[in-house]
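Here is the structure we will look at.
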Amino acid sequence: MVLEQVWEQTLLTWKQGPQMVGFTLMHAFAPLALAGILGYYAIYVWLLLVAVFFIRCRSLPVSAHLPMIIVALLIIALALIPYSFWARLGGVVV
């Protein structure tokens with residue numbers, strides 16, 4: 001879901017102008033979109049639980065955990081970048 005939004009906010013906006021980001025996804029595939037939204041917020045909960053676990057055990061994540069943590073943080077970071085930033089990269093004013 002985050003990648004679909006990034007695609008709409010970048011390439012599609014650069015090619016066709018400003019978009020109603022998420023409109024098609026929400027109206028054509030509402031259950032999938034809602035599952036994606038729930039999954040996005042579940043990542044926050046999972047990261048919080050992971051942080052609590054590692055703080056409580058007073059240990060650092062092992063190399064097997066790092067890719068999952070990095071991907072989760074990347075997903076959150078991509079979703080937090082505003083639409084206007086992505087549009088400006090392609091020279092589109094929103």
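In the structure tokens, the first chain shown is A, the next is B, and so on; residue numbers restart at 1 for each chain, and ligands run from 1 in the order shown.
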Considering only alpha helix (DSSP H) as DSSP defines it on the backbone, what residues of segment 6-90 of chain A qualify? List them as a PDB file with N, CA and C atoms, in the first residue's frame.
```pdb
ATOM      1  N   VAL A   6       3.373   5.862  -2.951  1.00  0.00           N
ATOM      2  CA  VAL A   6       4.588   6.533  -3.418  1.00  0.00           C
ATOM      3  C   VAL A   6       4.578   6.613  -4.937  1.00  0.00           C
ATOM      4  N   TRP A   7       4.130   5.556  -5.610  1.00  0.00           N
ATOM      5  CA  TRP A   7       4.044   5.566  -7.074  1.00  0.00           C
ATOM      6  C   TRP A   7       3.084   6.655  -7.540  1.00  0.00           C
ATOM      7  N   THR A  13       2.094  11.419 -10.691  1.00  0.00           N
ATOM      8  CA  THR A  13       1.935  12.874 -10.570  1.00  0.00           C
ATOM      9  C   THR A  13       2.813  13.595 -11.578  1.00  0.00           C
ATOM     10  N   TRP A  14       4.044  13.138 -11.741  1.00  0.00           N
ATOM     11  CA  TRP A  14       4.952  13.780 -12.684  1.00  0.00           C
ATOM     12  C   TRP A  14       4.442  13.659 -14.107  1.00  0.00           C
ATOM     13  N   LYS A  15       3.811  12.533 -14.417  1.00  0.00           N
ATOM     14  CA  LYS A  15       3.350  12.288 -15.785  1.00  0.00           C
ATOM     15  C   LYS A  15       1.997  12.938 -16.068  1.00  0.00           C
ATOM     16  N   GLN A  16       1.049  12.865 -15.106  1.00  0.00           N
ATOM     17  CA  GLN A  16      -0.319  13.290 -15.368  1.00  0.00           C
ATOM     18  C   GLN A  16      -0.792  14.466 -14.520  1.00  0.00           C
ATOM     19  N   PHE A  23      -7.339   7.321  -3.998  1.00  0.00           N
ATOM     20  CA  PHE A  23      -8.756   7.292  -4.386  1.00  0.00           C
ATOM     21  C   PHE A  23      -9.116   5.982  -5.079  1.00  0.00           C
ATOM     22  N   THR A  24      -8.350   5.611  -6.093  1.00  0.00           N
ATOM     23  CA  THR A  24      -8.650   4.388  -6.835  1.00  0.00           C
ATOM     24  C   THR A  24      -8.525   3.160  -5.954  1.00  0.00           C
ATOM     25  N   LEU A  25      -7.470   3.106  -5.174  1.00  0.00           N
ATOM     26  CA  LEU A  25      -7.266   1.957  -4.295  1.00  0.00           C
ATOM     27  C   LEU A  25      -8.422   1.811  -3.318  1.00  0.00           C
ATOM     28  N   MET A  26      -8.834   2.906  -2.709  1.00  0.00           N
ATOM     29  CA  MET A  26      -9.891   2.835  -1.705  1.00  0.00           C
ATOM     30  C   MET A  26     -11.250   2.518  -2.319  1.00  0.00           C
ATOM     31  N   HIS A  27     -11.510   3.000  -3.523  1.00  0.00           N
ATOM     32  CA  HIS A  27     -12.819   2.774  -4.127  1.00  0.00           C
ATOM     33  C   HIS A  27     -12.915   1.475  -4.913  1.00  0.00           C
ATOM     34  N   ALA A  28     -11.822   0.990  -5.447  1.00  0.00           N
ATOM     35  CA  ALA A  28     -11.864  -0.257  -6.221  1.00  0.00           C
ATOM     36  C   ALA A  28     -11.556  -1.478  -5.354  1.00  0.00           C
ATOM     37  N   ALA A  30     -11.491  -1.657  -1.594  1.00  0.00           N
ATOM     38  CA  ALA A  30     -11.630  -1.157  -0.222  1.00  0.00           C
ATOM     39  C   ALA A  30     -11.145  -2.145   0.840  1.00  0.00           C
ATOM     40  N   PRO A  31     -11.521  -3.433   0.766  1.00  0.00           N
ATOM     41  CA  PRO A  31     -11.025  -4.358   1.804  1.00  0.00           C
ATOM     42  C   PRO A  31      -9.500  -4.470   1.813  1.00  0.00           C
ATOM     43  N   LEU A  32      -8.895  -4.474   0.640  1.00  0.00           N
ATOM     44  CA  LEU A  32      -7.442  -4.530   0.550  1.00  0.00           C
ATOM     45  C   LEU A  32      -6.818  -3.255   1.119  1.00  0.00           C
ATOM     46  N   ALA A  33      -7.412  -2.120   0.815  1.00  0.00           N
ATOM     47  CA  ALA A  33      -6.900  -0.847   1.327  1.00  0.00           C
ATOM     48  C   ALA A  33      -7.012  -0.795   2.847  1.00  0.00           C
ATOM     49  N   LEU A  34      -8.127  -1.244   3.381  1.00  0.00           N
ATOM     50  CA  LEU A  34      -8.294  -1.236   4.835  1.00  0.00           C
ATOM     51  C   LEU A  34      -7.326  -2.205   5.509  1.00  0.00           C
ATOM     52  N   ALA A  35      -7.086  -3.344   4.888  1.00  0.00           N
ATOM     53  CA  ALA A  35      -6.096  -4.286   5.422  1.00  0.00           C
ATOM     54  C   ALA A  35      -4.709  -3.663   5.395  1.00  0.00           C
ATOM     55  N   GLY A  36      -4.397  -2.921   4.354  1.00  0.00           N
ATOM     56  CA  GLY A  36      -3.110  -2.233   4.270  1.00  0.00           C
ATOM     57  C   GLY A  36      -2.954  -1.168   5.333  1.00  0.00           C
ATOM     58  N   ILE A  37      -4.028  -0.431   5.591  1.00  0.00           N
ATOM     59  CA  ILE A  37      -3.993   0.599   6.633  1.00  0.00           C
ATOM     60  C   ILE A  37      -3.798  -0.047   8.004  1.00  0.00           C
ATOM     61  N   LEU A  38      -4.534  -1.118   8.267  1.00  0.00           N
ATOM     62  CA  LEU A  38      -4.365  -1.834   9.542  1.00  0.00           C
ATOM     63  C   LEU A  38      -2.953  -2.406   9.666  1.00  0.00           C
ATOM     64  N   GLY A  39      -2.439  -2.929   8.576  1.00  0.00           N
ATOM     65  CA  GLY A  39      -1.078  -3.463   8.581  1.00  0.00           C
ATOM     66  C   GLY A  39      -0.047  -2.387   8.842  1.00  0.00           C
ATOM     67  N   TYR A  40      -0.287  -1.205   8.288  1.00  0.00           N
ATOM     68  CA  TYR A  40       0.637  -0.089   8.510  1.00  0.00           C
ATOM     69  C   TYR A  40       0.692   0.265   9.996  1.00  0.00           C
ATOM     70  N   TYR A  41      -0.459   0.352  10.630  1.00  0.00           N
ATOM     71  CA  TYR A  41      -0.467   0.672  12.062  1.00  0.00           C
ATOM     72  C   TYR A  41       0.033  -0.494  12.908  1.00  0.00           C
ATOM     73  N   ALA A  42      -0.123  -1.708  12.413  1.00  0.00           N
ATOM     74  CA  ALA A  42       0.424  -2.874  13.119  1.00  0.00           C
ATOM     75  C   ALA A  42       1.951  -2.825  13.150  1.00  0.00           C
ATOM     76  N   ILE A  43       2.557  -2.220  12.140  1.00  0.00           N
ATOM     77  CA  ILE A  43       4.013  -2.069  12.123  1.00  0.00           C
ATOM     78  C   ILE A  43       4.467  -1.210  13.304  1.00  0.00           C
ATOM     79  N   TYR A  44       3.720  -0.148  13.605  1.00  0.00           N
ATOM     80  CA  TYR A  44       4.042   0.681  14.762  1.00  0.00           C
ATOM     81  C   TYR A  44       3.991  -0.147  16.047  1.00  0.00           C
ATOM     82  N   VAL A  45       2.940  -0.929  16.196  1.00  0.00           N
ATOM     83  CA  VAL A  45       2.786  -1.763  17.390  1.00  0.00           C
ATOM     84  C   VAL A  45       3.918  -2.775  17.473  1.00  0.00           C
ATOM     85  N   TRP A  46       4.228  -3.402  16.339  1.00  0.00           N
ATOM     86  CA  TRP A  46       5.304  -4.402  16.321  1.00  0.00           C
ATOM     87  C   TRP A  46       6.641  -3.776  16.709  1.00  0.00           C
ATOM     88  N   LEU A  47       6.944  -2.603  16.149  1.00  0.00           N
ATOM     89  CA  LEU A  47       8.197  -1.927  16.490  1.00  0.00           C
ATOM     90  C   LEU A  47       8.250  -1.545  17.970  1.00  0.00           C
ATOM     91  N   LEU A  48       7.124  -1.120  18.512  1.00  0.00           N
ATOM     92  CA  LEU A  48       7.072  -0.793  19.937  1.00  0.00           C
ATOM     93  C   LEU A  48       7.345  -2.036  20.785  1.00  0.00           C
ATOM     94  N   LEU A  49       6.732  -3.161  20.418  1.00  0.00           N
ATOM     95  CA  LEU A  49       6.956  -4.402  21.149  1.00  0.00           C
ATOM     96  C   LEU A  49       8.406  -4.870  21.030  1.00  0.00           C
ATOM     97  N   VAL A  50       8.976  -4.738  19.855  1.00  0.00           N
ATOM     98  CA  VAL A  50      10.381  -5.115  19.656  1.00  0.00           C
ATOM     99  C   VAL A  50      11.285  -4.243  20.522  1.00  0.00           C
ATOM    100  N   ALA A  51      11.015  -2.946  20.536  1.00  0.00           N
ATOM    101  CA  ALA A  51      11.834  -2.038  21.342  1.00  0.00           C
ATOM    102  C   ALA A  51      11.725  -2.385  22.823  1.00  0.00           C
ATOM    103  N   VAL A  52      10.503  -2.627  23.291  1.00  0.00           N
ATOM    104  CA  VAL A  52      10.309  -2.995  24.699  1.00  0.00           C
ATOM    105  C   VAL A  52      11.054  -4.284  25.013  1.00  0.00           C
ATOM    106  N   PHE A  53      10.955  -5.259  24.116  1.00  0.00           N
ATOM    107  CA  PHE A  53      11.625  -6.541  24.336  1.00  0.00           C
ATOM    108  C   PHE A  53      13.139  -6.361  24.462  1.00  0.00           C
ATOM    109  N   PHE A  54      13.736  -5.637  23.536  1.00  0.00           N
ATOM    110  CA  PHE A  54      15.186  -5.476  23.563  1.00  0.00           C
ATOM    111  C   PHE A  54      15.653  -4.601  24.728  1.00  0.00           C
ATOM    112  N   ILE A  55      14.852  -3.622  25.107  1.00  0.00           N
ATOM    113  CA  ILE A  55      15.211  -2.805  26.275  1.00  0.00           C
ATOM    114  C   ILE A  55      15.097  -3.633  27.550  1.00  0.00           C
ATOM    115  N   ARG A  56      14.041  -4.410  27.620  1.00  0.00           N
ATOM    116  CA  ARG A  56      13.824  -5.235  28.816  1.00  0.00           C
ATOM    117  C   ARG A  56      14.904  -6.309  28.965  1.00  0.00           C
ATOM    118  N   CYS A  57      15.311  -6.900  27.870  1.00  0.00           N
ATOM    119  CA  CYS A  57      16.348  -7.939  27.909  1.00  0.00           C
ATOM    120  C   CYS A  57      17.750  -7.347  27.945  1.00  0.00           C
ATOM    121  N   LEU A  66      17.644  -7.436  12.285  1.00  0.00           N
ATOM    122  CA  LEU A  66      17.905  -6.117  11.706  1.00  0.00           C
ATOM    123  C   LEU A  66      17.199  -5.862  10.374  1.00  0.00           C
ATOM    124  N   PRO A  67      17.190  -6.809   9.432  1.00  0.00           N
ATOM    125  CA  PRO A  67      16.475  -6.522   8.174  1.00  0.00           C
ATOM    126  C   PRO A  67      14.991  -6.234   8.384  1.00  0.00           C
ATOM    127  N   MET A  68      14.338  -6.956   9.288  1.00  0.00           N
ATOM    128  CA  MET A  68      12.914  -6.713   9.547  1.00  0.00           C
ATOM    129  C   MET A  68      12.693  -5.334  10.167  1.00  0.00           C
ATOM    130  N   ILE A  69      13.563  -4.959  11.086  1.00  0.00           N
ATOM    131  CA  ILE A  69      13.443  -3.657  11.730  1.00  0.00           C
ATOM    132  C   ILE A  69      13.705  -2.542  10.727  1.00  0.00           C
ATOM    133  N   ILE A  70      14.701  -2.697   9.888  1.00  0.00           N
ATOM    134  CA  ILE A  70      15.035  -1.686   8.880  1.00  0.00           C
ATOM    135  C   ILE A  70      13.911  -1.519   7.870  1.00  0.00           C
ATOM    136  N   VAL A  71      13.339  -2.618   7.399  1.00  0.00           N
ATOM    137  CA  VAL A  71      12.221  -2.540   6.437  1.00  0.00           C
ATOM    138  C   VAL A  71      11.019  -1.863   7.076  1.00  0.00           C
ATOM    139  N   ALA A  72      10.722  -2.186   8.328  1.00  0.00           N
ATOM    140  CA  ALA A  72       9.596  -1.561   9.018  1.00  0.00           C
ATOM    141  C   ALA A  72       9.812  -0.057   9.148  1.00  0.00           C
ATOM    142  N   LEU A  73      11.016   0.349   9.515  1.00  0.00           N
ATOM    143  CA  LEU A  73      11.313   1.776   9.629  1.00  0.00           C
ATOM    144  C   LEU A  73      11.269   2.469   8.270  1.00  0.00           C
ATOM    145  N   LEU A  74      11.695   1.791   7.222  1.00  0.00           N
ATOM    146  CA  LEU A  74      11.642   2.350   5.872  1.00  0.00           C
ATOM    147  C   LEU A  74      10.197   2.562   5.422  1.00  0.00           C
ATOM    148  N   ILE A  75       9.333   1.601   5.705  1.00  0.00           N
ATOM    149  CA  ILE A  75       7.914   1.725   5.345  1.00  0.00           C
ATOM    150  C   ILE A  75       7.303   2.931   6.051  1.00  0.00           C
ATOM    151  N   ILE A  76       7.592   3.064   7.331  1.00  0.00           N
ATOM    152  CA  ILE A  76       7.058   4.200   8.085  1.00  0.00           C
ATOM    153  C   ILE A  76       7.600   5.507   7.538  1.00  0.00           C
ATOM    154  N   ALA A  77       8.893   5.557   7.265  1.00  0.00           N
ATOM    155  CA  ALA A  77       9.508   6.787   6.752  1.00  0.00           C
ATOM    156  C   ALA A  77       8.923   7.185   5.402  1.00  0.00           C
ATOM    157  N   LEU A  78       8.735   6.224   4.503  1.00  0.00           N
ATOM    158  CA  LEU A  78       8.176   6.540   3.182  1.00  0.00           C
ATOM    159  C   LEU A  78       6.758   7.081   3.293  1.00  0.00           C
ATOM    160  N   ALA A  79       5.982   6.516   4.198  1.00  0.00           N
ATOM    161  CA  ALA A  79       4.594   6.967   4.347  1.00  0.00           C
ATOM    162  C   ALA A  79       4.504   8.352   4.979  1.00  0.00           C
ATOM    163  N   LEU A  80       5.514   8.767   5.712  1.00  0.00           N
ATOM    164  CA  LEU A  80       5.480  10.064   6.391  1.00  0.00           C
ATOM    165  C   LEU A  80       5.960  11.220   5.509  1.00  0.00           C
ATOM    166  N   TYR A  83       3.109  14.521   0.313  1.00  0.00           N
ATOM    167  CA  TYR A  83       2.838  14.485  -1.119  1.00  0.00           C
ATOM    168  C   TYR A  83       3.514  15.641  -1.847  1.00  0.00           C
ATOM    169  N   SER A  84       3.511  16.816  -1.251  1.00  0.00           N
ATOM    170  CA  SER A  84       4.095  17.987  -1.909  1.00  0.00           C
ATOM    171  C   SER A  84       5.593  17.801  -2.156  1.00  0.00           C
ATOM    172  N   PHE A  85       6.286  17.101  -1.265  1.00  0.00           N
ATOM    173  CA  PHE A  85       7.711  16.841  -1.471  1.00  0.00           C
ATOM    174  C   PHE A  85       7.928  15.972  -2.705  1.00  0.00           C
ATOM    175  N   TRP A  86       7.155  14.885  -2.806  1.00  0.00           N
ATOM    176  CA  TRP A  86       7.296  13.985  -3.956  1.00  0.00           C
ATOM    177  C   TRP A  86       6.973  14.724  -5.253  1.00  0.00           C
ATOM    178  N   ALA A  87       5.909  15.527  -5.244  1.00  0.00           N
ATOM    179  CA  ALA A  87       5.499  16.248  -6.441  1.00  0.00           C
ATOM    180  C   ALA A  87       6.582  17.240  -6.882  1.00  0.00           C
ATOM    181  N   ARG A  88       7.150  17.965  -5.915  1.00  0.00           N
ATOM    182  CA  ARG A  88       8.183  18.948  -6.243  1.00  0.00           C
ATOM    183  C   ARG A  88       9.404  18.306  -6.882  1.00  0.00           C
ATOM    184  N   LEU A  89       9.713  17.052  -6.517  1.00  0.00           N
ATOM    185  CA  LEU A  89      10.864  16.366  -7.127  1.00  0.00           C
ATOM    186  C   LEU A  89      10.713  16.282  -8.640  1.00  0.00           C
TER     187      LEU A  89
END
```
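Between atom CA of Ile81 of chain A and atom CA of Leu3 of chain A the separation is 12.2 Å.
Within the 7 Å cut-off around Val21 of chain A, using only C-alpha atoms and omitting residues fewer than 3 positions from it on the same chain, the listed residues are A:Gln5, A:Glu8, A:Gln9.
The two atoms in question, atom CA of Val2 of chain A and atom CA of Val92 of chain A, are spaced 20.5 Å apart.
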